[in-house]
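Chemist: As input, take query_0.cif (mmCIF, C-alpha atoms):
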data_work
loop_
_atom_site.label_atom_id
_atom_site.label_comp_id
_atom_site.auth_asym_id
_atom_site.auth_seq_id
_atom_site.Cartn_x
_atom_site.Cartn_y
_atom_site.Cartn_z
CA MET A 1 58.77 55.91 -41.18
CA LYS A 2 62.16 57.54 -40.91
CA LYS A 3 60.90 59.64 -37.99
CA LEU A 4 59.56 56.59 -36.28
CA VAL A 5 62.90 54.81 -36.61
CA ILE A 6 64.87 57.79 -35.31
CA THR A 7 62.49 58.30 -32.32
CA SER A 8 62.69 54.62 -31.48
CA LEU A 9 66.46 54.70 -31.63
CA VAL A 10 66.62 57.74 -29.27
CA ALA A 11 64.15 56.17 -26.87
CA PHE A 12 66.07 52.92 -26.98
CA ALA A 13 69.30 54.80 -26.28
CA ALA A 14 67.73 56.65 -23.33
CA CYS A 15 66.24 53.51 -21.79
CA ALA A 16 69.51 51.66 -22.29
CA TYR A 17 71.48 54.10 -20.13
CA LYS A 18 72.41 52.49 -16.86
CA PRO A 19 74.75 54.35 -14.52
CA SER A 20 77.97 52.53 -13.73
CA ALA A 21 78.37 50.72 -10.40
CA GLU A 22 80.92 53.38 -9.38
CA LEU A 23 78.46 56.16 -10.09
CA VAL A 24 75.68 54.42 -8.16
CA ARG A 25 78.01 54.15 -5.16
CA ALA A 26 78.89 57.83 -5.51
CA GLN A 27 75.21 58.77 -5.67
CA GLU A 28 74.44 56.72 -2.57
CA ALA A 29 77.37 58.25 -0.68
CA TYR A 30 76.13 61.73 -1.58
CA ARG A 31 72.56 60.84 -0.56
CA GLN A 32 73.74 59.71 2.87
CA ALA A 33 75.77 62.87 3.35
CA ALA A 34 72.95 65.15 2.23
CA ASN A 35 70.39 63.52 4.53
CA GLY A 36 72.52 63.80 7.66
CA PRO A 37 73.93 66.64 9.73
CA THR A 38 76.46 67.35 6.95
CA ALA A 39 73.76 69.34 5.16
CA ASP A 40 73.60 71.79 8.09
CA ILE A 41 77.12 71.78 9.41
CA ALA A 42 79.37 71.26 6.39
CA GLN A 43 77.48 72.96 3.62
CA ALA A 44 80.54 74.13 1.68
CA GLU A 45 82.04 70.65 1.77
CA LEU A 46 78.74 69.09 0.70
CA HIS A 47 78.57 71.56 -2.19
CA GLN A 48 82.00 70.39 -3.34
CA ALA A 49 80.77 66.82 -3.17
CA LYS A 50 77.70 67.78 -5.22
CA ASN A 51 79.90 69.36 -7.89
CA ALA A 52 82.05 66.25 -8.06
CA LEU A 53 78.96 64.07 -8.38
CA ASP A 54 77.51 66.27 -11.13
CA GLN A 55 80.78 65.97 -13.07
CA ALA A 56 80.76 62.21 -12.63
CA GLN A 57 77.11 61.92 -13.76
CA LYS A 58 77.78 64.05 -16.82
CA ALA A 59 80.85 62.03 -17.79
CA ASP A 60 79.03 58.76 -17.25
CA LYS A 61 76.07 59.81 -19.38
CA ALA A 62 78.35 61.06 -22.11
CA ASP A 63 80.55 58.00 -22.16
CA PRO A 64 79.19 55.27 -19.87
CA GLY A 65 81.79 52.98 -18.37
CA SER A 66 84.72 55.03 -19.65
CA GLY A 67 87.86 55.30 -17.55
CA ASP A 68 87.31 59.02 -17.12
CA ALA A 69 83.70 58.50 -15.95
CA LYS A 70 84.78 55.81 -13.51
CA ASP A 71 87.55 58.06 -12.13
CA LEU A 72 85.12 60.93 -11.60
CA ALA A 73 82.62 58.62 -9.90
CA TYR A 74 85.37 57.29 -7.64
CA ILE A 75 86.40 60.81 -6.69
CA ALA A 76 82.75 61.90 -6.19
CA GLU A 77 82.20 59.00 -3.78
CA ARG A 78 85.30 59.98 -1.83
CA LYS A 79 84.22 63.63 -1.81
CA ALA A 80 80.85 62.76 -0.29
CA GLU A 81 82.50 60.68 2.43
CA TRP A 82 85.02 63.47 2.97
CA ALA A 83 82.16 65.98 3.45
CA ARG A 84 80.59 63.67 6.10
CA ALA A 85 83.94 63.32 7.87
CA GLN A 86 84.32 67.11 7.90
CA ALA A 87 80.86 67.46 9.47
CA THR A 88 81.73 64.86 12.13
CA GLN A 89 84.94 66.73 12.89
CA LYS A 90 83.12 70.06 13.21
CA ILE A 91 80.53 68.53 15.57
CA ALA A 92 83.28 66.97 17.68
CA MET A 93 85.22 70.26 17.82
CA LYS A 94 82.12 72.13 18.97
CA ASP A 95 81.43 69.43 21.55
CA ARG A 96 84.98 69.65 22.80
CA SER A 97 84.82 73.44 22.91
CA ASP A 98 81.58 73.30 24.96
CA ALA A 99 83.03 70.68 27.30
CA GLU A 100 86.22 72.70 27.68
CA LYS A 101 84.18 75.76 28.59
CA LYS A 102 82.16 73.79 31.16
CA PHE A 103 85.38 72.33 32.56
CA VAL A 104 86.98 75.74 32.96
CA GLU A 105 83.81 77.13 34.55
CA GLY A 106 83.60 74.12 36.85
CA GLN A 107 87.24 74.50 37.87
CA GLY A 108 86.70 78.18 38.46
CA ALA A 109 83.73 77.44 40.72
CA MET A 110 85.74 74.81 42.59
CA ILE A 111 88.65 77.17 43.09
CA ALA A 112 86.31 79.90 44.31
CA GLU A 113 84.75 77.44 46.76
CA GLN A 114 88.16 76.30 47.98
CA GLN A 115 89.28 79.90 48.39
CA LYS A 116 86.13 80.63 50.37
CA ARG A 117 86.78 77.64 52.62
CA LEU A 118 90.41 78.62 53.02
CA ALA A 119 89.36 82.14 53.93
CA GLU A 120 86.94 80.75 56.51
CA GLN A 121 89.60 78.42 57.83
CA GLY A 122 92.00 81.32 57.88
CA ASP A 123 89.53 83.29 59.99
CA THR A 124 89.01 80.36 62.31
CA LEU A 125 92.72 79.77 62.47
CA GLY A 126 93.33 83.42 63.18
CA LYS A 127 90.80 83.34 66.00
CA LYS A 128 92.26 80.15 67.38
CA GLU A 129 95.74 81.62 67.23
CA GLU A 130 94.48 84.65 69.12
CA GLU A 131 92.84 82.43 71.72
CA LEU A 132 95.98 80.33 71.97
CA SER A 133 98.06 83.42 72.40
CA LYS A 134 95.76 84.62 75.18
CA LEU A 135 95.86 81.22 76.84
CA GLN A 136 99.61 81.15 76.58
CA SER A 137 99.81 84.61 78.15
CA SER A 138 97.48 83.52 80.91
CA ALA A 139 99.44 80.32 81.41
CA ALA A 140 102.71 82.25 81.53
CA GLU A 141 101.18 84.69 83.95
CA ALA A 142 99.81 81.88 86.09
CA GLN A 143 103.17 80.16 86.03
CA ALA A 144 104.90 83.35 87.03
CA LEU A 145 102.44 83.85 89.87
CA ALA A 146 102.81 80.25 90.98
CA ALA A 147 106.59 80.52 90.84
CA ALA A 148 106.46 83.70 92.90
CA ALA A 149 104.15 82.01 95.40
CA ALA A 150 106.48 78.99 95.58
CA GLU A 151 109.41 81.31 96.18
CA ARG A 152 107.55 83.08 98.99
CA GLU A 153 106.68 79.71 100.52
CA LYS A 154 110.26 78.61 100.34
CA GLU A 155 111.42 81.81 102.04
CA ALA A 156 108.72 81.48 104.67
CA LEU A 157 109.66 77.88 105.46
CA ALA A 158 113.32 78.82 105.58
CA LYS A 159 112.52 81.61 108.06
CA LEU A 160 110.57 79.19 110.23
CA LYS A 161 113.46 76.72 110.10
CA ALA A 162 111.04 73.95 109.14
CA ALA A 163 112.43 70.44 108.97
CA GLU A 164 111.00 67.88 106.61
CA ASP A 165 109.83 64.49 107.77
CA SER A 166 107.34 61.93 106.54
CA ARG A 167 104.40 64.10 107.60
CA GLY A 168 105.53 67.26 105.81
CA GLN A 169 107.41 70.40 106.81
CA VAL A 170 107.57 70.55 110.62
CA VAL A 171 107.96 73.75 112.63
CA THR A 172 108.86 72.85 116.22
CA LEU A 173 108.05 75.36 118.95
CA PRO A 174 109.41 74.54 122.45
CA SER A 175 106.54 74.59 124.99
CA GLY A 176 108.71 76.58 127.38
CA MET A 177 108.57 79.49 124.90
CA LEU A 178 104.80 79.30 124.68
CA PHE A 179 103.35 78.19 128.03
CA ARG A 180 104.01 78.15 131.73
CA SER A 181 104.67 74.71 133.14
CA GLY A 182 101.48 72.60 133.28
CA GLN A 183 99.46 75.47 131.68
CA SER A 184 97.82 75.88 128.36
CA VAL A 185 97.42 79.65 128.25
CA LEU A 186 99.83 81.29 125.83
CA LEU A 187 102.51 83.49 127.35
CA PRO A 188 102.77 87.04 126.01
CA ALA A 189 106.34 86.22 124.98
CA ALA A 190 104.92 83.55 122.64
CA ARG A 191 103.14 86.07 120.46
CA PRO A 192 106.03 87.41 118.37
CA LYS A 193 107.04 83.89 117.38
CA LEU A 194 103.47 82.84 116.66
CA ASP A 195 102.91 86.07 114.67
CA GLU A 196 105.89 85.10 112.55
CA VAL A 197 104.43 81.64 112.10
CA ALA A 198 101.01 83.07 111.16
CA ALA A 199 102.57 85.44 108.61
CA ALA A 200 104.50 82.54 107.07
CA LEU A 201 101.40 80.34 106.99
CA ARG A 202 99.43 83.07 105.20
CA GLN A 203 102.02 82.80 102.40
CA MET A 204 101.02 79.14 101.94
CA PRO A 205 97.26 79.25 101.44
CA GLU A 206 97.15 75.84 99.70
CA ARG A 207 98.73 73.97 102.60
CA THR A 208 96.88 72.29 105.43
CA LEU A 209 98.17 72.34 108.99
CA LEU A 210 98.30 69.80 111.78
CA ILE A 211 99.15 71.25 115.22
CA GLU A 212 100.37 68.57 117.58
CA GLY A 213 100.98 69.08 121.30
CA HIS A 214 103.63 66.93 123.01
CA THR A 215 104.70 66.62 126.67
CA ASP A 216 107.45 64.97 128.63
CA ALA A 217 106.75 61.83 130.67
CA GLN A 218 106.35 63.56 134.02
CA GLY A 219 102.88 63.21 135.50
CA SER A 220 100.14 60.81 134.39
CA GLU A 221 99.63 59.81 130.81
CA GLU A 222 96.06 61.02 130.94
CA THR A 223 97.00 64.43 132.29
CA ASN A 224 99.76 64.80 129.74
CA LEU A 225 97.42 63.84 126.91
CA MET A 226 94.82 66.43 127.97
CA LEU A 227 97.47 69.10 128.46
CA SER A 228 98.93 68.45 125.00
CA GLU A 229 95.47 68.74 123.43
CA ARG A 230 94.71 72.03 125.19
CA ARG A 231 98.07 73.47 124.15
CA ALA A 232 97.56 72.48 120.53
CA ASN A 233 94.14 74.17 120.58
CA ALA A 234 95.58 77.31 122.17
CA VAL A 235 98.11 77.67 119.36
CA ARG A 236 95.37 76.99 116.79
CA ASP A 237 93.08 79.65 118.25
CA TYR A 238 95.87 82.22 118.16
CA LEU A 239 96.77 81.47 114.57
CA ILE A 240 93.12 81.76 113.53
CA ARG A 241 92.95 85.16 115.22
CA LYS A 242 96.00 86.10 113.16
CA GLY A 243 94.28 85.32 109.88
CA VAL A 244 95.06 81.70 109.18
CA GLU A 245 91.89 79.98 107.86
CA SER A 246 90.34 77.69 110.43
CA ASP A 247 89.36 75.02 107.91
CA ARG A 248 93.03 74.45 107.11
CA ILE A 249 93.92 73.55 110.68
CA GLN A 250 93.58 70.31 112.58
CA THR A 251 94.83 69.75 116.12
CA GLN A 252 95.95 66.69 117.96
CA GLY A 253 97.29 65.91 121.42
CA ALA A 254 100.03 63.30 121.44
CA GLY A 255 100.78 63.50 125.16
CA GLU A 256 104.06 61.77 126.10
CA SER A 257 103.67 59.14 123.36
CA ARG A 258 106.26 60.48 120.94
CA PRO A 259 109.32 61.71 122.74
CA LEU A 260 112.25 63.09 120.76
CA ALA A 261 114.72 62.70 123.56
CA ASP A 262 115.28 60.75 126.72
CA ASN A 263 112.85 61.84 129.47
CA GLY A 264 115.47 60.84 132.03
CA SER A 265 117.33 64.21 131.72
CA ALA A 266 116.16 67.77 132.11
CA GLU A 267 117.37 68.64 128.60
CA GLY A 268 115.60 65.59 127.18
CA ARG A 269 112.34 66.53 128.87
CA ALA A 270 112.65 70.13 127.64
CA ILE A 271 113.04 68.84 124.11
CA ASN A 272 110.03 66.60 124.45
CA ARG A 273 107.84 69.43 125.71
CA ARG A 274 106.91 71.02 122.40
CA VAL A 275 104.21 72.02 119.95
CA GLU A 276 104.73 70.89 116.36
CA ILE A 277 103.08 72.63 113.44
CA VAL A 278 103.11 70.20 110.53
CA ILE A 279 102.67 71.94 107.19
CA GLN A 280 101.10 69.36 104.90
CA GLY A 281 100.30 69.02 101.18
CA GLN A 282 102.11 70.48 98.14
CA SER A 283 101.84 73.74 96.38
CA SER A 284 100.67 73.54 92.73
CA VAL A 285 104.23 74.32 91.59
CA GLU A 286 105.66 71.44 93.59
CA ARG A 287 102.94 69.08 92.22
CA GLU A 288 103.73 70.07 88.66
CA ALA A 289 107.47 69.73 89.30
CA ARG A 290 106.95 66.21 90.67
CA THR A 291 104.70 65.25 87.71
CA ASN A 292 107.32 66.43 85.21
CA GLN A 293 110.13 64.44 86.87
CA MET B 294 115.27 70.51 -43.40
CA ARG B 295 112.18 72.50 -42.67
CA LYS B 296 110.04 69.52 -43.67
CA VAL B 297 111.96 67.28 -41.26
CA MET B 298 111.55 69.80 -38.41
CA THR B 299 107.84 70.10 -39.08
CA VAL B 300 107.43 66.32 -39.01
CA VAL B 301 109.39 66.05 -35.75
CA ALA B 302 107.34 68.86 -34.16
CA CYS B 303 104.10 67.15 -35.19
CA VAL B 304 105.20 63.78 -33.85
CA ALA B 305 106.30 65.37 -30.56
CA GLY B 306 103.04 67.29 -30.36
CA PHE B 307 101.01 64.16 -31.13
CA TRP B 308 102.94 62.16 -28.57
CA ALA B 309 102.48 64.85 -25.94
CA CYS B 310 98.78 64.96 -26.68
CA ALA B 311 98.58 61.22 -26.36
CA HIS B 312 100.58 60.96 -23.16
CA GLY B 313 100.14 64.41 -21.46
CA ASP B 314 102.64 66.37 -19.38
CA LEU B 315 104.42 64.97 -16.34
CA PRO B 316 101.93 65.59 -13.51
CA ALA B 317 104.59 66.80 -11.10
CA LYS B 318 102.31 69.08 -9.05
CA GLN B 319 99.60 66.46 -8.80
CA LEU B 320 102.17 63.96 -7.60
CA ALA B 321 103.57 66.34 -4.99
CA ASP B 322 100.05 67.22 -3.77
CA ALA B 323 98.94 63.60 -3.46
CA GLU B 324 102.14 62.59 -1.64
CA ALA B 325 101.94 65.57 0.73
CA THR B 326 98.33 64.77 1.65
CA ALA B 327 99.18 61.09 2.21
CA ARG B 328 102.05 62.13 4.52
CA ALA B 329 99.73 64.49 6.40
CA ALA B 330 97.27 61.63 6.89
CA GLU B 331 100.07 59.43 8.27
CA GLN B 332 101.12 62.17 10.68
CA ALA B 333 97.52 62.53 11.80
CA ASN B 334 97.73 58.89 12.88
CA ALA B 335 95.39 57.59 10.18
CA ALA B 336 96.93 54.14 10.64
CA SER B 337 95.21 53.81 14.02
CA VAL B 338 91.71 54.59 12.68
CA PRO B 339 90.38 51.62 10.65
CA ARG B 340 88.56 53.49 7.87
CA ALA B 341 91.29 56.11 7.63
CA ALA B 342 93.94 53.39 7.42
CA LEU B 343 92.02 51.72 4.56
CA HIS B 344 91.86 54.91 2.48
CA LEU B 345 95.48 55.73 3.23
CA GLN B 346 96.42 52.29 1.95
CA MET B 347 94.32 52.86 -1.19
CA SER B 348 95.99 56.24 -1.70
CA ARG B 349 99.42 54.61 -1.49
CA GLU B 350 98.37 52.02 -4.04
CA HIS B 351 97.22 54.67 -6.48
CA LEU B 352 100.46 56.58 -5.91
CA ALA B 353 102.46 53.45 -6.68
CA LYS B 354 100.48 52.92 -9.91
CA ALA B 355 101.06 56.56 -10.83
CA GLN B 356 104.83 56.10 -10.37
CA VAL B 357 104.76 53.16 -12.75
CA PHE B 358 102.80 55.15 -15.33
CA ILE B 359 105.27 58.03 -14.97
CA LYS B 360 108.18 55.67 -15.57
CA GLU B 361 106.38 54.45 -18.67
CA ARG B 362 105.73 58.08 -19.59
CA GLU B 363 101.96 57.39 -19.58
CA PHE B 364 101.26 60.74 -17.94
CA ASP B 365 97.50 60.81 -18.61
CA LEU B 366 97.08 57.49 -16.84
CA ALA B 367 99.43 58.70 -14.09
CA SER B 368 97.29 61.82 -13.68
CA ARG B 369 94.14 59.75 -13.27
CA SER B 370 95.80 57.53 -10.65
CA LEU B 371 97.01 60.62 -8.84
CA ARG B 372 93.49 62.10 -8.73
CA ARG B 373 92.31 58.91 -7.06
CA ALA B 374 95.35 58.95 -4.73
CA LYS B 375 94.58 62.53 -3.69
CA ALA B 376 90.89 61.76 -3.10
CA ASP B 377 91.73 58.79 -0.87
CA ALA B 378 94.46 60.73 0.97
CA ASP B 379 92.05 63.63 1.60
CA LEU B 380 89.47 61.22 2.98
CA ALA B 381 92.05 59.40 5.13
CA LEU B 382 93.21 62.74 6.60
CA ALA B 383 89.63 63.92 7.27
CA LEU B 384 88.72 60.63 8.96
CA ALA B 385 91.87 60.73 11.12
CA GLU B 386 91.27 64.33 12.20
CA SER B 387 87.61 63.65 12.83
CA GLU B 388 88.51 60.73 15.10
CA LYS B 389 91.05 62.87 16.96
CA ALA B 390 88.46 65.61 17.51
CA THR B 391 85.95 63.03 18.77
CA GLN B 392 88.48 61.60 21.23
CA GLN B 393 89.37 65.06 22.52
CA ALA B 394 85.67 65.86 22.99
CA ASP B 395 85.22 62.58 24.92
CA GLU B 396 88.22 63.39 27.14
CA TYR B 397 86.87 66.79 28.03
CA ASN B 398 83.42 65.39 28.69
CA LYS B 399 84.99 62.86 31.06
CA LYS B 400 86.87 65.66 32.82
CA VAL B 401 83.62 67.58 33.27
CA MET B 402 81.94 64.45 34.70
CA THR B 403 84.83 63.90 37.12
CA LEU B 404 84.67 67.53 38.20
CA LYS B 405 80.90 67.29 38.79
CA GLN B 406 81.31 64.07 40.79
CA GLY B 407 84.04 65.68 42.88
CA ALA B 408 81.87 68.73 43.59
CA GLN B 409 78.96 66.53 44.71
CA GLN B 410 81.10 64.67 47.26
#
Represent the structure contained in this file as C-alpha cells.
Modeler:
Amino acid sequence: MKKLVITSLVAFAACAYKPSAELVRAQEAYRQAANGPTADIAQAELHQAKNALDQAQKADKADPGSGDAKDLAYIAERKAEWARAQATQKIAMKDRSDAEKKFVEGQGAMIAEQQKRLAEQGDTLGKKEEELSKLQSSAAEAQALAAAAAEREKEALAKLKAAEDSRGQVVTLPSGMLFRSGQSVLLPAARPKLDEVAAALRQMPERTLLIEGHTDAQGSEETNLMLSERRANAVRDYLIRKGVESDRIQTQGAGESRPLADNGSAEGRAINRRVEIVIQGQSSVEREARTNQ
Amino acid sequence: MRKVMTVVACVAGFWACAHGDLPAKQLADAEATARAAEQANAASVPRAALHLQMSREHLAKAQVFIKEREFDLASRSLRRAKADADLALALAESEKATQQADEYNKKVMTLKQGAQQ
C-alpha cells in the first residue's frame, strides 16, 4: 500500500510537470534555429544556444516557474535567436565576398577590354598620323612645286611684257616684226621673238591660248579678215613646232574690226597691224589664292 | 567584544549571501554591448531596435536594484540586458552584412549590363 501511494505520487508529480511559457518559447526558438542553415553555418553558436536551453530546462524542471528558471529560459530564447542572426550574417558575408570577387574580376575584364581597344585605337591613330604626315609632306611638296611654277609663270609673263585685259594676259606682237606687208609667211627675223614666246608658254602648261590676227583698215574688209586668220594660223603653227601643245591653242582672225589706234595715220595703222597672243585661264596657285581671299 | 564581532560578521555574511556582490563587471559588459549595438545602427533595424530597447529596460531595472542593494536581482536583470544587447548587435550586424552583399550584387549586375551593351 505504501509503495502504491509513493509510486502514484511520483507519477502524479511527473505528469504534473508543465514547462513554463518562457521555456516553451525558448525550445521553439532553438528548434527553428536547429532546423535551418544555422545548423550548418553557425554550429558553435548553435551549440551555445543548446547549452543555454539545457540549463533552462534543468532549472525549470527543478523549480518550475521560479525566477531563476524564467531568466534562464529568457536567455536561452535570446541565444537561439542570436545563433540564427550569426548564421544570417555569415551567409551575407560570404555572399558579399563572392559578389566582390565577381565585381573585381568583371572590372578587370572590362579594363583589359578597354586597354585592348585603346591599343587598337592607338595603332589606328598611329597609322592615321603617319598617313597624315605623308599627306602633309605631299601637300607641302605640291605647294612648293606650284609656287615655283607660279613664280616661273610670273617671270615668263614679265619677260613677254604681257598686259592684262578682260580676256587674260595679252602678248602683242607687231605684224611688221613677223610678216611682210600683205603676207602671212613668217619672216626669219620673227623666229627669235616667237622662240621666246614659245619658251614662256611652255612654262605655263595649264593655260590656254587664243591667237588673234588684226589688220589696219587698208584694203577690203574681207581681204583683211582672211589675212588676219592666215597670220594667226602661221604663228600657231610655229609655236606648235616649238613644243607648245596644239590642243591648248585656238586661233581667230579679227581683221580690221578691233583697231587700237586711228587708222588715219601711219603710226596708228602700224599699231593696228598686230598679232595678239591671249594667255587665258588661271594657274592652280592663282585659283587657290582667289578662293582664299 | 569577540561575541559582538562574531555577530556582526555573521549578519554581514548573511546579508551578503542574501543580496550578493555588486555586479560591476556584469553591468559594464551589458552597457558596453548595448552601446556597441547602438553604434552598429540597431535603431534602424526593427527587430534589433526592439531588443536594444528591451536591453535598456533591463539595464534600468538593474540600476534600481543596485541602488536598493538588491544585487542578486540586479544580476538577473543584467543577464537579460546582456542577452538582449547581444541579440540586438547580432541583428544589426547581420542586416549590415546583407545590405553590403546586396550592394555588391547590384554592382555586379550593373557591370554585366554595361559589358553586354
Chemist: For Lys70 in chain A, please output as an MDAnalysis selection string all residues within 12 Å (counting all atoms listed in the file; exclusion window: fewer than 6 positions along the same chain).
Modeler: (chainID A and resid 19:26 53 55:64 76:77) or (chainID B and resid 369:370 372:373)
Chemist: Determine the residue set returned by the PyMOL selection byres ((chain B) within 8 of (chain A)) for the present structure, and present it as a PDB file with C-alpha atoms, keeping the file's coordinate frame.
Modeler:
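Output contents, as saved in result-v4.pdb:
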ATOM      1  CA  ARG B 369      94.140  59.750 -13.270  1.00  0.00           C
ATOM      2  CA  ARG B 372      93.490  62.100  -8.730  1.00  0.00           C
ATOM      3  CA  ARG B 373      92.310  58.910  -7.060  1.00  0.00           C
ATOM      4  CA  ALA B 376      90.890  61.760  -3.100  1.00  0.00           C
ATOM      5  CA  ASP B 377      91.730  58.790  -0.870  1.00  0.00           C
ATOM      6  CA  ASP B 379      92.050  63.630   1.600  1.00  0.00           C
ATOM      7  CA  LEU B 380      89.470  61.220   2.980  1.00  0.00           C
ATOM      8  CA  ALA B 383      89.630  63.920   7.270  1.00  0.00           C
ATOM      9  CA  LEU B 384      88.720  60.630   8.960  1.00  0.00           C
ATOM     10  CA  GLU B 386      91.270  64.330  12.200  1.00  0.00           C
ATOM     11  CA  SER B 387      87.610  63.650  12.830  1.00  0.00           C
ATOM     12  CA  GLU B 388      88.510  60.730  15.100  1.00  0.00           C
ATOM     13  CA  ALA B 390      88.460  65.610  17.510  1.00  0.00           C
ATOM     14  CA  THR B 391      85.950  63.030  18.770  1.00  0.00           C
ATOM     15  CA  GLN B 393      89.370  65.060  22.520  1.00  0.00           C
ATOM     16  CA  ALA B 394      85.670  65.860  22.990  1.00  0.00           C
ATOM     17  CA  ASP B 395      85.220  62.580  24.920  1.00  0.00           C
ATOM     18  CA  TYR B 397      86.870  66.790  28.030  1.00  0.00           C
ATOM     19  CA  ASN B 398      83.420  65.390  28.690  1.00  0.00           C
ATOM     20  CA  LYS B 400      86.870  65.660  32.820  1.00  0.00           C
ATOM     21  CA  VAL B 401      83.620  67.580  33.270  1.00  0.00           C
ATOM     22  CA  LEU B 404      84.670  67.530  38.200  1.00  0.00           C
ATOM     23  CA  LYS B 405      80.900  67.290  38.790  1.00  0.00           C
ATOM     24  CA  ALA B 408      81.870  68.730  43.590  1.00  0.00           C
TER      25      ALA B 408
END
Chemist: Output the residue selection produced by the PyMOL selection byres ((chain B and resi 341-353) around 7) on the file above, formatted as a CSV table (one decimal) with C-alpha atoms, keeping the file's coordinate frame.
Modeler:
chain,number,residue,atom,x,y,z
B,327,ALA,CA,99.2,61.1,2.2
B,335,ALA,CA,95.4,57.6,10.2
B,336,ALA,CA,96.9,54.1,10.6
B,337,SER,CA,95.2,53.8,14.0
B,338,VAL,CA,91.7,54.6,12.7
B,339,PRO,CA,90.4,51.6,10.6
B,340,ARG,CA,88.6,53.5,7.9
B,354,LYS,CA,100.5,52.9,-9.9
B,355,ALA,CA,101.1,56.6,-10.8
B,356,GLN,CA,104.8,56.1,-10.4
B,357,VAL,CA,104.8,53.2,-12.8
B,370,SER,CA,95.8,57.5,-10.6
B,371,LEU,CA,97.0,60.6,-8.8
B,373,ARG,CA,92.3,58.9,-7.1
B,374,ALA,CA,95.4,59.0,-4.7
B,375,LYS,CA,94.6,62.5,-3.7
B,377,ASP,CA,91.7,58.8,-0.9
B,378,ALA,CA,94.5,60.7,1.0
B,380,LEU,CA,89.5,61.2,3.0
B,381,ALA,CA,92.0,59.4,5.1
B,382,LEU,CA,93.2,62.7,6.6
B,384,LEU,CA,88.7,60.6,9.0
B,385,ALA,CA,91.9,60.7,11.1
Chemist: Taking all atoms listed in the file into account, which of A:Glu256, A:Glu222, A:Asp262, A:Glu212 comes nearest Ile277 in chain A?
Modeler: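 Selected residue with least distance to Ile277 in chain A: A:Glu212.
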Chemist: Calculate how many Å separate CA of Gly122 in chain A from CA of Gly407 in chain B, rounding to one decimal.
Modeler: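 We find that CA of Gly122 in chain A and CA of Gly407 in chain B lie 23.1 Å from each other.
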Chemist: For Glu153 in chain A, find every residue with an atom within 8 Å (counting all atoms listed in the file), except residues of its own chain fewer than 4 positions away, and show them as a PyMOL selection string.
Modeler: chain A and resi 149+157+200+203-204
Chemist: I'd like the residues picked by the PyMOL selection byres ((chain A and resi 216) around 12) written out as a PyMOL selection string, using the chain letters and numbers from the file.
Modeler: chain A and resi 174-176+181-182+213-215+217-221+223-225+227-228+254-275
Chemist: Show which residues sit within 6 Å of Thr251 in chain A, as a list in words. Count all atoms listed in the file, and ignore same-chain residues fewer than 2 positions away.
Modeler: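 Once the adjacent positions are removed, what remains is Leu210, Ile211, Glu212 and Ala232 of chain A.
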Chemist: Could you jot down the CA of Leu315 in chain B to CA of Arg362 in chain B separation for me, Å, one decimal place?
Modeler: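 Spanning CA of Leu315 in chain B to CA of Arg362 in chain B is a straight-line distance of 7.7 Å.
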